[in-house]
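Structure file target.cif (mmCIF, C-alpha atoms and all ligand atoms) is printed below.
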```cif
data_my_file
#
loop_
_atom_site.group_PDB
_atom_site.id
_atom_site.type_symbol
_atom_site.label_atom_id
_atom_site.label_comp_id
_atom_site.auth_asym_id
_atom_site.auth_seq_id
_atom_site.Cartn_x
_atom_site.Cartn_y
_atom_site.Cartn_z
ATOM 1 C CA MET A 199 78.814 107.808 110.294
ATOM 2 C CA PHE A 200 79.316 111.097 112.134
ATOM 3 C CA THR A 201 79.918 114.286 110.137
ATOM 4 C CA LEU A 202 81.961 117.116 111.608
ATOM 5 C CA THR A 203 81.975 120.603 110.065
ATOM 6 C CA LEU A 204 85.223 122.566 110.364
ATOM 7 C CA LYS A 205 85.980 126.193 109.581
ATOM 8 C CA PRO A 206 89.734 126.765 109.206
ATOM 9 C CA SER A 207 90.666 129.909 111.138
ATOM 10 C CA SER A 208 93.407 130.915 108.736
ATOM 11 C CA LEU A 209 91.518 130.923 105.456
ATOM 12 C CA ALA A 210 94.362 132.439 103.469
ATOM 13 C CA SER A 211 96.672 129.540 104.205
ATOM 14 C CA PHE A 212 94.223 126.632 103.874
ATOM 15 C CA SER A 213 93.180 124.964 100.668
ATOM 16 C CA TYR A 214 92.575 121.440 99.460
ATOM 17 C CA GLN A 215 91.772 119.378 96.417
ATOM 18 C CA PRO A 216 88.713 117.096 96.490
ATOM 19 C CA GLY A 217 89.912 113.606 97.442
ATOM 20 C CA GLN A 218 92.548 114.804 99.928
ATOM 21 C CA HIS A 219 92.661 114.224 103.676
ATOM 22 C CA ILE A 220 93.644 116.371 106.658
ATOM 23 C CA PRO A 221 95.343 115.538 109.961
ATOM 24 C CA ILE A 222 93.431 116.569 113.090
ATOM 25 C CA GLN A 223 94.918 116.801 116.572
ATOM 26 C CA ILE A 224 92.638 116.107 119.526
ATOM 27 C CA GLU A 225 93.618 116.378 123.189
ATOM 28 C CA ILE A 226 92.151 113.639 125.366
ATOM 29 C CA ASN A 227 93.046 113.527 129.064
ATOM 30 C CA GLY A 228 96.104 115.690 128.526
ATOM 31 C CA ARG A 229 97.510 113.674 125.648
ATOM 32 C CA VAL A 230 97.433 114.821 122.028
ATOM 33 C CA TYR A 231 96.255 112.298 119.452
ATOM 34 C CA GLN A 232 96.486 112.861 115.723
ATOM 35 C CA ARG A 233 94.279 111.147 113.179
ATOM 36 C CA THR A 234 93.756 111.689 109.466
ATOM 37 C CA PHE A 235 90.329 111.913 107.831
ATOM 38 C CA SER A 236 89.258 112.456 104.234
ATOM 39 C CA ILE A 237 87.343 115.611 103.434
ATOM 40 C CA SER A 238 83.839 114.479 102.481
ATOM 41 C CA SER A 239 82.171 117.772 101.600
ATOM 42 C CA ALA A 240 81.573 119.267 98.193
ATOM 43 C CA TRP A 241 83.979 121.853 96.793
ATOM 44 C CA ARG A 242 81.142 124.365 96.437
ATOM 45 C CA GLN A 243 80.620 124.250 100.245
ATOM 46 C CA TRP A 244 84.202 125.452 100.713
ATOM 47 C CA LYS A 245 83.698 128.190 98.139
ATOM 48 C CA LYS A 246 80.377 129.294 99.643
ATOM 49 C CA SER A 247 80.936 129.087 103.405
ATOM 50 C CA SER A 248 84.689 128.398 103.825
ATOM 51 C CA THR A 249 83.822 125.230 105.718
ATOM 52 C CA ILE A 250 84.726 121.612 105.128
ATOM 53 C CA GLU A 251 83.285 118.380 106.456
ATOM 54 C CA ILE A 252 84.887 115.151 107.538
ATOM 55 C CA SER A 253 82.786 112.038 108.066
ATOM 56 C CA ILE A 254 83.936 109.675 110.784
ATOM 57 C CA LYS A 255 83.043 106.039 111.173
ATOM 58 C CA ARG A 256 83.269 104.909 114.792
ATOM 59 C CA ALA A 257 85.761 102.071 115.097
ATOM 60 C CA PRO A 258 84.693 99.595 117.831
ATOM 61 C CA GLN A 259 87.909 100.161 119.817
ATOM 62 C CA GLY A 260 88.673 103.576 118.354
ATOM 63 C CA LEU A 261 89.588 106.051 121.086
ATOM 64 C CA VAL A 262 89.507 109.114 118.836
ATOM 65 C CA THR A 263 86.667 108.073 116.503
ATOM 66 C CA ASN A 264 84.420 107.577 119.546
ATOM 67 C CA TRP A 265 85.669 110.596 121.486
ATOM 68 C CA ILE A 266 84.954 113.090 118.685
ATOM 69 C CA PRO A 267 81.190 112.405 118.315
ATOM 70 C CA ASN A 268 80.738 112.195 122.093
ATOM 71 C CA ASN A 269 82.718 115.256 123.113
ATOM 72 C CA LEU A 270 83.279 117.810 120.360
ATOM 73 C CA LYS A 271 80.654 120.546 120.479
ATOM 74 C CA LYS A 272 79.911 123.553 118.299
ATOM 75 C CA GLY A 273 82.576 126.201 118.849
ATOM 76 C CA HIS A 274 85.323 123.802 119.926
ATOM 77 C CA ILE A 275 88.744 124.569 118.480
ATOM 78 C CA VAL A 276 90.847 121.738 117.073
ATOM 79 C CA ARG A 277 94.200 121.891 115.348
ATOM 80 C CA ILE A 278 94.222 120.745 111.721
ATOM 81 C CA GLY A 279 97.135 120.399 109.325
ATOM 82 C CA GLU A 280 97.583 120.904 105.612
ATOM 83 C CA ALA A 281 95.474 118.866 103.226
ATOM 84 C CA GLN A 282 97.499 115.996 101.800
ATOM 85 C CA GLY A 283 97.195 113.109 99.396
ATOM 86 C CA SER A 284 97.397 112.330 95.703
ATOM 87 C CA PHE A 285 93.988 110.622 95.397
ATOM 88 C CA VAL A 286 92.728 113.533 93.286
ATOM 89 C CA LEU A 287 91.701 114.168 89.678
ATOM 90 C CA SER A 288 93.895 116.260 87.396
ATOM 91 C CA PRO A 289 92.077 118.674 85.044
ATOM 92 C CA LYS A 290 92.556 116.114 82.251
ATOM 93 C CA GLN A 291 91.208 113.258 84.366
ATOM 94 C CA ARG A 292 88.104 115.277 85.203
ATOM 95 C CA ARG A 293 87.165 115.121 81.523
ATOM 96 C CA GLN A 294 87.887 111.398 81.155
ATOM 97 C CA THR A 295 85.740 108.316 81.599
ATOM 98 C CA ASN A 296 86.536 107.115 85.111
ATOM 99 C CA ALA A 297 85.400 104.251 87.309
ATOM 100 C CA PHE A 298 85.319 104.626 91.108
ATOM 101 C CA VAL A 299 84.971 101.711 93.505
ATOM 102 C CA ALA A 300 84.302 102.534 97.159
ATOM 103 C CA CYS A 301 83.774 100.276 100.109
ATOM 104 C CA GLY A 302 82.169 101.562 103.341
ATOM 105 C CA SER A 303 83.719 104.803 104.572
ATOM 106 C CA GLY A 304 86.046 104.701 101.556
ATOM 107 C CA LEU A 305 83.265 106.609 99.817
ATOM 108 C CA THR A 306 84.150 109.914 101.521
ATOM 109 C CA PRO A 307 87.027 111.150 99.287
ATOM 110 C CA ILE A 308 85.223 109.879 96.185
ATOM 111 C CA LEU A 309 82.054 111.742 97.136
ATOM 112 C CA SER A 310 84.075 114.939 97.482
ATOM 113 C CA ILE A 311 85.644 114.348 94.055
ATOM 114 C CA LEU A 312 82.358 113.575 92.289
ATOM 115 C CA GLU A 313 80.563 116.563 93.794
ATOM 116 C CA SER A 314 83.293 118.834 92.427
ATOM 117 C CA LEU A 315 82.536 117.841 88.817
ATOM 118 C CA SER A 316 80.225 119.590 86.390
ATOM 119 C CA ASP A 317 77.066 117.820 85.220
ATOM 120 C CA ALA A 318 78.705 117.245 81.821
ATOM 121 C CA GLN A 319 81.742 115.631 83.469
ATOM 122 C CA LEU A 320 79.546 113.563 85.809
ATOM 123 C CA SER A 321 77.882 111.805 82.914
ATOM 124 C CA SER A 322 81.214 110.079 82.140
ATOM 125 C CA GLN A 323 81.736 108.886 85.727
ATOM 126 C CA HIS A 324 80.843 105.471 87.125
ATOM 127 C CA LEU A 325 80.605 104.640 90.830
ATOM 128 C CA LEU A 326 80.294 101.202 92.404
ATOM 129 C CA TYR A 327 79.628 101.538 96.140
ATOM 130 C CA SER A 328 79.859 98.375 98.209
ATOM 131 C CA VAL A 329 78.047 98.464 101.572
ATOM 132 C CA SER A 330 77.055 95.789 104.081
ATOM 133 C CA HIS A 331 73.341 96.641 104.069
ATOM 134 C CA GLU A 332 71.929 98.828 101.331
ATOM 135 C CA PRO A 333 69.121 100.417 103.419
ATOM 136 C CA GLU A 334 71.717 101.770 105.867
ATOM 137 C CA ALA A 335 74.144 103.051 103.217
ATOM 138 C CA PRO A 336 75.382 106.505 104.269
ATOM 139 C CA PHE A 337 75.158 109.494 101.924
ATOM 140 C CA LYS A 338 72.310 107.970 99.900
ATOM 141 C CA ASN A 339 70.628 111.327 99.264
ATOM 142 C CA ARG A 340 73.837 112.888 97.970
ATOM 143 C CA LEU A 341 74.501 109.869 95.784
ATOM 144 C CA GLN A 342 70.988 109.988 94.379
ATOM 145 C CA THR A 343 71.484 113.674 93.502
ATOM 146 C CA LEU A 344 74.680 112.768 91.646
ATOM 147 C CA ALA A 345 72.886 109.923 89.856
ATOM 148 C CA ASN A 346 70.122 112.333 88.819
ATOM 149 C CA LYS A 347 72.827 114.524 87.255
ATOM 150 C CA GLY A 348 74.260 111.668 85.201
ATOM 151 C CA LEU A 349 76.514 109.558 87.458
ATOM 152 C CA ASN A 350 76.273 105.843 86.666
ATOM 153 C CA LEU A 351 75.714 104.549 90.227
ATOM 154 C CA LEU A 352 75.524 100.961 91.419
ATOM 155 C CA ILE A 353 75.135 100.248 95.143
ATOM 156 C CA LEU A 354 76.150 96.677 95.908
ATOM 157 C CA GLU A 355 75.072 94.939 99.104
ATOM 158 C CA SER A 356 78.078 92.853 100.086
ATOM 159 C CA SER A 357 76.177 90.852 102.731
ATOM 160 C CA SER A 358 73.945 89.316 100.046
ATOM 161 C CA GLN A 359 76.041 89.656 96.878
ATOM 162 C CA GLY A 360 79.513 88.923 98.243
ATOM 163 C CA ARG A 361 82.757 90.106 96.698
ATOM 164 C CA ILE A 362 82.839 92.242 93.560
ATOM 165 C CA LYS A 363 83.176 89.946 90.547
ATOM 166 C CA ASN A 364 83.659 90.224 86.781
ATOM 167 C CA ASP A 365 79.967 90.009 86.029
ATOM 168 C CA THR A 366 79.258 92.739 88.615
ATOM 169 C CA LEU A 367 81.649 95.027 86.728
ATOM 170 C CA GLU A 368 79.962 94.358 83.401
ATOM 171 C CA ALA A 369 76.447 94.782 84.818
ATOM 172 C CA TRP A 370 77.663 98.182 85.994
ATOM 173 C CA LEU A 371 79.913 99.275 83.106
ATOM 174 C CA SER A 372 78.330 97.540 80.086
ATOM 175 C CA GLU A 373 81.692 97.159 78.290
ATOM 176 C CA ILE A 374 82.407 100.920 78.410
ATOM 177 C CA GLN A 375 86.129 101.685 78.081
ATOM 178 C CA ILE A 376 87.514 103.102 81.334
ATOM 179 C CA GLU A 377 90.538 105.426 81.236
ATOM 180 C CA SER A 378 91.262 105.622 84.978
ATOM 181 C CA ALA A 379 90.025 103.484 87.867
ATOM 182 C CA TYR A 380 89.999 104.638 91.509
ATOM 183 C CA ALA A 381 89.476 102.370 94.514
ATOM 184 C CA CYS A 382 89.126 103.382 98.155
ATOM 185 C CA GLY A 383 88.399 100.991 101.000
ATOM 186 C CA PRO A 384 90.038 98.435 103.238
ATOM 187 C CA SER A 385 93.392 96.981 102.354
ATOM 188 C CA GLY A 386 92.811 94.032 100.037
ATOM 189 C CA LEU A 387 90.106 95.812 98.031
ATOM 190 C CA SER A 388 92.618 97.724 95.925
ATOM 191 C CA GLN A 389 94.530 94.692 94.682
ATOM 192 C CA HIS A 390 91.298 92.834 93.954
ATOM 193 C CA ILE A 391 89.832 95.734 91.948
ATOM 194 C CA HIS A 392 93.142 96.271 90.156
ATOM 195 C CA ASP A 393 93.202 92.605 89.090
ATOM 196 C CA LEU A 394 89.584 92.759 87.916
ATOM 197 C CA PHE A 395 90.232 95.838 85.763
ATOM 198 C CA ILE A 396 93.398 94.341 84.237
ATOM 199 C CA GLU A 397 91.525 91.165 83.361
ATOM 200 C CA ARG A 398 88.588 93.203 82.016
ATOM 201 C CA SER A 399 90.735 95.394 79.742
ATOM 202 C CA GLN A 400 92.428 92.301 78.297
ATOM 203 C CA ARG A 401 89.113 90.522 77.767
ATOM 204 C CA LEU A 402 87.523 93.519 76.028
ATOM 205 C CA GLY A 403 90.646 94.565 74.084
ATOM 206 C CA HIS A 404 90.806 97.973 75.834
ATOM 207 C CA ALA A 405 93.935 99.874 76.871
ATOM 208 C CA THR A 406 94.813 99.149 80.506
ATOM 209 C CA PRO A 407 93.290 101.895 82.693
ATOM 210 C CA LYS A 408 95.462 103.954 85.018
ATOM 211 C CA PHE A 409 94.882 102.852 88.586
ATOM 212 C CA PHE A 410 94.730 104.939 91.779
ATOM 213 C CA THR A 411 94.059 103.674 95.289
ATOM 214 C CA GLU A 412 93.597 104.803 98.855
ATOM 215 C CA SER A 413 93.228 102.171 101.537
ATOM 216 C CA PHE A 414 92.872 101.839 105.289
ATOM 217 C CA GLY A 415 93.111 98.997 107.791
ATOM 218 C CA PHE A 416 95.066 95.820 107.265
ATOM 219 C CA ALA A 417 93.908 92.280 106.778
ATOM 220 C CA ASN A 418 96.492 90.736 109.070
ATOM 221 C CA ALA A 419 98.468 92.643 111.689
ATOM 222 C CA SER A 420 99.367 89.530 113.663
ATOM 223 C CA ALA A 421 103.032 89.460 114.550
ATOM 224 C CA SER A 422 105.532 86.997 115.919
ATOM 225 C CA SER A 423 106.104 87.294 119.672
ATOM 226 C CA ASP A 424 109.469 85.587 119.314
ATOM 227 C CA VAL A 425 111.249 88.703 118.165
ATOM 228 C CA THR A 426 112.764 91.492 120.234
ATOM 229 C CA LEU A 427 112.198 95.118 119.290
ATOM 230 C CA SER A 428 114.950 97.580 120.206
ATOM 231 C CA PHE A 429 113.636 101.123 119.919
ATOM 232 C CA LYS A 430 116.064 104.009 120.244
ATOM 233 C CA ASP A 431 114.611 107.479 120.822
ATOM 234 C CA ALA A 432 116.131 110.741 119.579
ATOM 235 C CA ASN A 433 118.195 111.025 122.798
ATOM 236 C CA GLY A 434 119.752 107.620 122.261
ATOM 237 C CA ARG A 435 117.702 105.976 125.046
ATOM 238 C CA LEU A 436 117.203 102.279 124.272
ATOM 239 C CA ILE A 437 113.893 100.547 125.027
ATOM 240 C CA MET A 438 113.572 96.829 124.361
ATOM 241 C CA SER A 439 110.414 94.730 124.331
ATOM 242 C CA LYS A 440 109.037 91.510 122.927
ATOM 243 C CA GLN A 441 106.796 92.158 119.921
ATOM 244 C CA LYS A 442 103.043 91.991 120.600
ATOM 245 C CA ASN A 443 100.195 91.849 118.069
ATOM 246 C CA GLY A 444 99.783 95.106 116.177
ATOM 247 C CA THR A 445 101.982 97.297 114.056
ATOM 248 C CA LEU A 446 105.407 98.611 115.025
ATOM 249 C CA LEU A 447 103.749 101.957 115.713
ATOM 250 C CA GLU A 448 101.391 100.320 118.212
ATOM 251 C CA ASN A 449 104.263 98.337 119.729
ATOM 252 C CA ALA A 450 106.342 101.488 120.169
ATOM 253 C CA GLU A 451 103.392 103.241 121.852
ATOM 254 C CA LYS A 452 102.911 100.279 124.198
ATOM 255 C CA THR A 453 106.466 100.803 125.472
ATOM 256 C CA GLY A 454 105.610 104.419 126.376
ATOM 257 C CA LEU A 455 107.303 105.987 123.358
ATOM 258 C CA ASN A 456 105.410 108.748 121.564
ATOM 259 C CA PRO A 457 106.275 108.322 117.863
ATOM 260 C CA VAL A 458 105.296 110.869 115.228
ATOM 261 C CA TYR A 459 102.389 109.650 113.100
ATOM 262 C CA GLY A 460 99.593 111.009 110.940
ATOM 263 C CA CYS A 461 97.157 108.779 109.096
ATOM 264 C CA ARG A 462 98.104 105.426 110.693
ATOM 265 C CA ALA A 463 97.211 103.945 107.310
ATOM 266 C CA GLY A 464 100.384 104.059 105.233
ATOM 267 C CA ILE A 465 99.458 107.226 103.374
ATOM 268 C CA CYS A 466 101.171 110.266 104.889
ATOM 269 C CA HIS A 467 104.682 108.895 105.628
ATOM 270 C CA GLN A 468 104.880 110.859 108.897
ATOM 271 C CA CYS A 469 105.679 107.716 110.894
ATOM 272 C CA ILE A 470 108.967 107.031 109.109
ATOM 273 C CA ALA A 471 111.590 105.448 111.389
ATOM 274 C CA GLN A 472 115.160 104.465 110.664
ATOM 275 C CA LYS A 473 115.703 100.705 110.717
ATOM 276 C CA LYS A 474 119.280 99.771 111.562
ATOM 277 C CA SER A 475 118.898 96.011 111.265
ATOM 278 C CA GLY A 476 116.266 93.288 111.004
ATOM 279 C CA ARG A 477 113.495 92.341 108.591
ATOM 280 C CA VAL A 478 109.981 93.807 108.560
ATOM 281 C CA ARG A 479 106.799 92.768 106.757
ATOM 282 C CA ASN A 480 104.841 95.513 105.014
ATOM 283 C CA LEU A 481 101.157 94.815 105.771
ATOM 284 C CA LYS A 482 99.992 96.624 102.653
ATOM 285 C CA THR A 483 102.102 94.645 100.202
ATOM 286 C CA ASN A 484 102.927 91.611 102.375
ATOM 287 C CA GLN A 485 106.551 92.018 101.245
ATOM 288 C CA ILE A 486 109.415 91.262 103.598
ATOM 289 C CA SER A 487 112.291 93.740 103.655
ATOM 290 C CA ASP A 488 116.032 93.210 103.507
ATOM 291 C CA ALA A 489 117.852 92.997 106.827
ATOM 292 C CA GLY A 490 119.894 96.182 106.378
ATOM 293 C CA LYS A 491 119.454 99.893 107.032
ATOM 294 C CA GLU A 492 116.413 101.632 105.542
ATOM 295 C CA ASP A 493 113.524 103.941 106.377
ATOM 296 C CA ILE A 494 110.270 102.147 107.197
ATOM 297 C CA GLN A 495 106.686 103.223 107.910
ATOM 298 C CA LEU A 496 105.905 102.135 111.469
ATOM 299 C CA CYS A 497 102.133 102.110 110.973
ATOM 300 C CA ILE A 498 102.138 99.454 108.255
ATOM 301 C CA CYS A 499 104.998 97.182 109.340
ATOM 302 C CA VAL A 500 105.505 94.308 111.757
ATOM 303 C CA ALA A 501 108.856 92.726 112.622
ATOM 304 C CA GLU A 502 109.766 89.353 111.158
ATOM 305 C CA THR A 503 113.111 89.164 113.013
ATOM 306 C CA ASP A 504 114.765 91.000 115.912
ATOM 307 C CA LEU A 505 114.786 94.660 115.005
ATOM 308 C CA GLU A 506 116.797 97.787 115.826
ATOM 309 C CA LEU A 507 115.038 101.076 115.113
ATOM 310 C CA THR A 508 115.452 104.785 115.776
ATOM 311 C CA ILE A 509 112.094 106.451 116.426
ATOM 312 C CA ASN A 510 111.193 110.082 115.728
ATOM 313 C CA GLU A 511 109.143 111.219 118.712
ATOM 314 C CA ARG A 512 106.572 114.001 118.730
ATOM 315 C CA THR A 513 107.290 116.978 120.938
ATOM 316 C CA VAL A 514 103.674 117.767 121.928
ATOM 317 C CA GLN A 515 102.275 116.004 125.004
HETATM 318 S S1 LIG B 601 101.197 107.446 110.017
HETATM 319 FE FE1 LIG B 601 100.802 107.982 107.953
HETATM 320 S S2 LIG B 601 102.057 106.559 106.873
HETATM 321 FE FE2 LIG B 601 102.263 105.961 108.922
#
```
For this file, write the structure as structure tokens.
Amino acid sequence: MFTLTLKPSSLASFSYQPGQHIPIQIEINGRVYQRTFSISSAWRQWKKSSTIEISIKRAPQGLVTNWIPNNLKKGHIVRIGEAQGSFVLSPKQRRQTNAFVACGSGLTPILSILESLSDAQLSSQHLLYSVSHEPEAPFKNRLQTLANKGLNLLILESSSQGRIKNDTLEAWLSEIQIESAYACGPSGLSQHIHDLFIERSQRLGHATPKFFTESFGFANASASSDVTLSFKDANGRLIMSKQKNGTLLENAEKTGLNPVYGCRAGICHQCIAQKKSGRVRNLKTNQISDAGKEDIQLCICVAETDLELTINERTVQ
């Protein structure tokens, strides 16, 4: 995990809520790439030094996630956008009994949220952090500080203990009633945690907790190569190609188009395109759309049938 410290140049116009993410534009070999990262630093850091941190996990094939640690140096200027996202606590939720489940780098927005709470509020918060190998878990010192202040922390080693189960929840929560549950991690985690909390509330006779999720990555982005994608750009130019593995966003980029995008994870809605005809599968929900006109998110959809789309292209190059 690589942590980057940023100081917004226009302090009057920048603000964020713990749990939100920001888009960052990076120029690599003359081309501008935009990626979205959660703010991982504590709120008091922003108040004290007007800086924020983002923590980046290198993806094996990730152009930007590898370029940033290798190339960005102190003093570099990057373009960032407004903080976005609804994975935040309202003033009322800050005083409630909440459960947080994080997997891998999904900890970053949750860490920012928890470090914004008072010690009194922290003592009603519960965090289950699932990592591959416990000795290498990032942010252990910060988590230990939170635990010393009252956070109920359980670090689960997924390589030896497997998937989170009912008895894991009870070993962690000891039948405490949870008002809101938050999950952040790969796609698939959210539904699993949601189902566990529904089952738990029924078993214990508790009210069903409110549920909030943030997810990244998709379990299955394989796509049929038997379908033809017809992309129309803003000038009406038509580009046709056979679908390859990957999302519609990746397919559009492979044709040389330059679609607008932000998070590439189904969160920011910047990659909206206008579907004229054809069916798509949403990789987050696994639902298949109708065949008619509608707006779709390119970064989380693959085509199930031949598709006609109008793409919104970015103007920067
Ligand atoms: S790029 Fe953010 S939802 Fe698609």
| task | Grab me every residue within 9 Å of ligand LIG 601 (chain B), counting only C-alpha atoms and all ligand atoms, and send it over as a list in words. | result | Arg233, Thr234, Leu447, Val458, Tyr459, Gly460, Cys461, Arg462, Ala463, Gly464, Ile465, Cys466, His467, Gln468, Cys469, Ile470, Gln495, Leu496, Cys497 and Ile498 of chain A
| In file coordinates, which residues lie within 7 Å of (84.3, 121.0, 94.4) using all atoms listed in the file, given as an MDAnalysis selection string? | chainID A and resid 216 240:242 310:311 313:315
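Nearest-residue note for A:Val286: choosing from A:Ala318, A:Ile362, A:Ile376, A:Cys382, the minimum distance belongs to A:Cys382, counting only C-alpha atoms.
Proximity of A:Pro407, A:Pro221, A:Gly383, A:Gly302 to A:Gly283, computed with only C-alpha atoms, is greatest for A:Pro221.
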| field | Evaluate the PyMOL selection byres (((chain A and resi 282) around 9) and not hetatm) and report residues as a PyMOL selection string | value | chain A and resi 214-215+218-221+279-281+283-284+466
| request: Using atom CA of A:Gln400 and atom CA of A:Tyr327 as the two end points, give the distance in Å to one decimal. | output: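 It comes out at 23.8 Å.
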| query | Taking only C-alpha atoms into account, which of A:Thr203, A:Ser208, A:Ala297, A:Ile308 comes nearest A:Leu270? | reply |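 Comparing A:Thr203, A:Ser208, A:Ala297, A:Ile308 against A:Leu270, the winner is A:Thr203.
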Neighbours of A:Ser399 within 12 Å (all atoms listed in the file; same-chain residues fewer than 3 positions away dropped), as a PDB file with C-alpha atoms, in the coordinates of the input?
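Written output follows (around18.pdb):
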```
ATOM      1  CA  ASN A 364      83.659  90.224  86.781  1.00  0.00           C
ATOM      2  CA  LEU A 367      81.649  95.027  86.728  1.00  0.00           C
ATOM      3  CA  GLU A 368      79.962  94.358  83.401  1.00  0.00           C
ATOM      4  CA  LEU A 371      79.913  99.275  83.106  1.00  0.00           C
ATOM      5  CA  GLU A 373      81.692  97.159  78.290  1.00  0.00           C
ATOM      6  CA  ILE A 374      82.407 100.920  78.410  1.00  0.00           C
ATOM      7  CA  GLN A 375      86.129 101.685  78.081  1.00  0.00           C
ATOM      8  CA  ILE A 376      87.514 103.102  81.334  1.00  0.00           C
ATOM      9  CA  GLU A 377      90.538 105.426  81.236  1.00  0.00           C
ATOM     10  CA  SER A 378      91.262 105.622  84.978  1.00  0.00           C
ATOM     11  CA  ALA A 379      90.025 103.484  87.867  1.00  0.00           C
ATOM     12  CA  HIS A 392      93.142  96.271  90.156  1.00  0.00           C
ATOM     13  CA  ASP A 393      93.202  92.605  89.090  1.00  0.00           C
ATOM     14  CA  LEU A 394      89.584  92.759  87.916  1.00  0.00           C
ATOM     15  CA  PHE A 395      90.232  95.838  85.763  1.00  0.00           C
ATOM     16  CA  ILE A 396      93.398  94.341  84.237  1.00  0.00           C
ATOM     17  CA  LEU A 402      87.523  93.519  76.028  1.00  0.00           C
ATOM     18  CA  GLY A 403      90.646  94.565  74.084  1.00  0.00           C
ATOM     19  CA  HIS A 404      90.806  97.973  75.834  1.00  0.00           C
ATOM     20  CA  ALA A 405      93.935  99.874  76.871  1.00  0.00           C
ATOM     21  CA  THR A 406      94.813  99.149  80.506  1.00  0.00           C
ATOM     22  CA  PRO A 407      93.290 101.895  82.693  1.00  0.00           C
ATOM     23  CA  LYS A 408      95.462 103.954  85.018  1.00  0.00           C
TER      24      LYS A 408
END
```
| task | Tell me which protein, DNA and RNA residues are within 10 Å of A:Ser248, counting only C-alpha atoms, leaving out same-chain ones fewer than 4 positions away, and put them as a PyMOL selection string. | result | chain A and resi 204-207+209+212-213+241-244
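This file, queried with the PyMOL selection byres (((chain A and resi 358) around 12) and not hetatm), gives the residues Ser328, Val329, Ser330, His331, Glu332, Leu354, Glu355, Ser356, Ser357, Gln359, Gly360, Arg361 and Ile362 of chain A.
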Find the smallest box with edges along x, y and z containing every listed atom of stretch 281-294 of chain A, then add 6 Å on each side and report centre and edge lengths in Å to one decimal, as lines of an AutoDock Vina configuration file.
```
center_x = 92.3
center_y = 114.7
center_z = 92.2
size_x = 22.3
size_y = 20.2
size_z = 34.1
```
| Closest of A:Leu387, A:Ile509, A:Leu326, A:Ile224 to A:His274 - atom-to-atom distances counting all atoms listed in the file |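 Of A:Leu387, A:Ile509, A:Leu326, A:Ile224, the one nearest A:His274, counting all atoms listed in the file, is A:Ile224.
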| request: Please evaluate the PyMOL selection byres (((chain A and resi 445) around 12) and not hetatm) against the displayed coordinates and give the resulting residues as a PyMOL selection string. | output: chain A and resi 415-422+427+441-444+446-452+462-464+469+478-482+494-502
| query | Hey, can you check how far atom CA of A:Ala345 sits from atom CA of A:Leu312? | reply | 10.4 Å
| note | Shortest contact to A:Ser413, candidates A:Gly386, A:Gly228, A:Gly260, A:Gly273, atoms counted all atoms listed in the file, goes to A:Gly386
| Interatomic distance, atom CA of A:Lys255 to atom CA of A:Leu305 (Å, one decimal) |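 So the answer is 11.4 Å.
Distance check against A:Pro457 using only C-alpha atoms: of A:Arg398, A:Lys430, A:Arg256, A:His390, the minimum falls on A:Lys430.
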| said: Show me, as an MDAnalysis selection string, the residues that have an atom within 8 Å of A:Leu325 when counting all atoms listed in the file, minus same-chain residues fewer than 2 positions from it. | reply: chainID A and resid 297:300 323 327 349:352
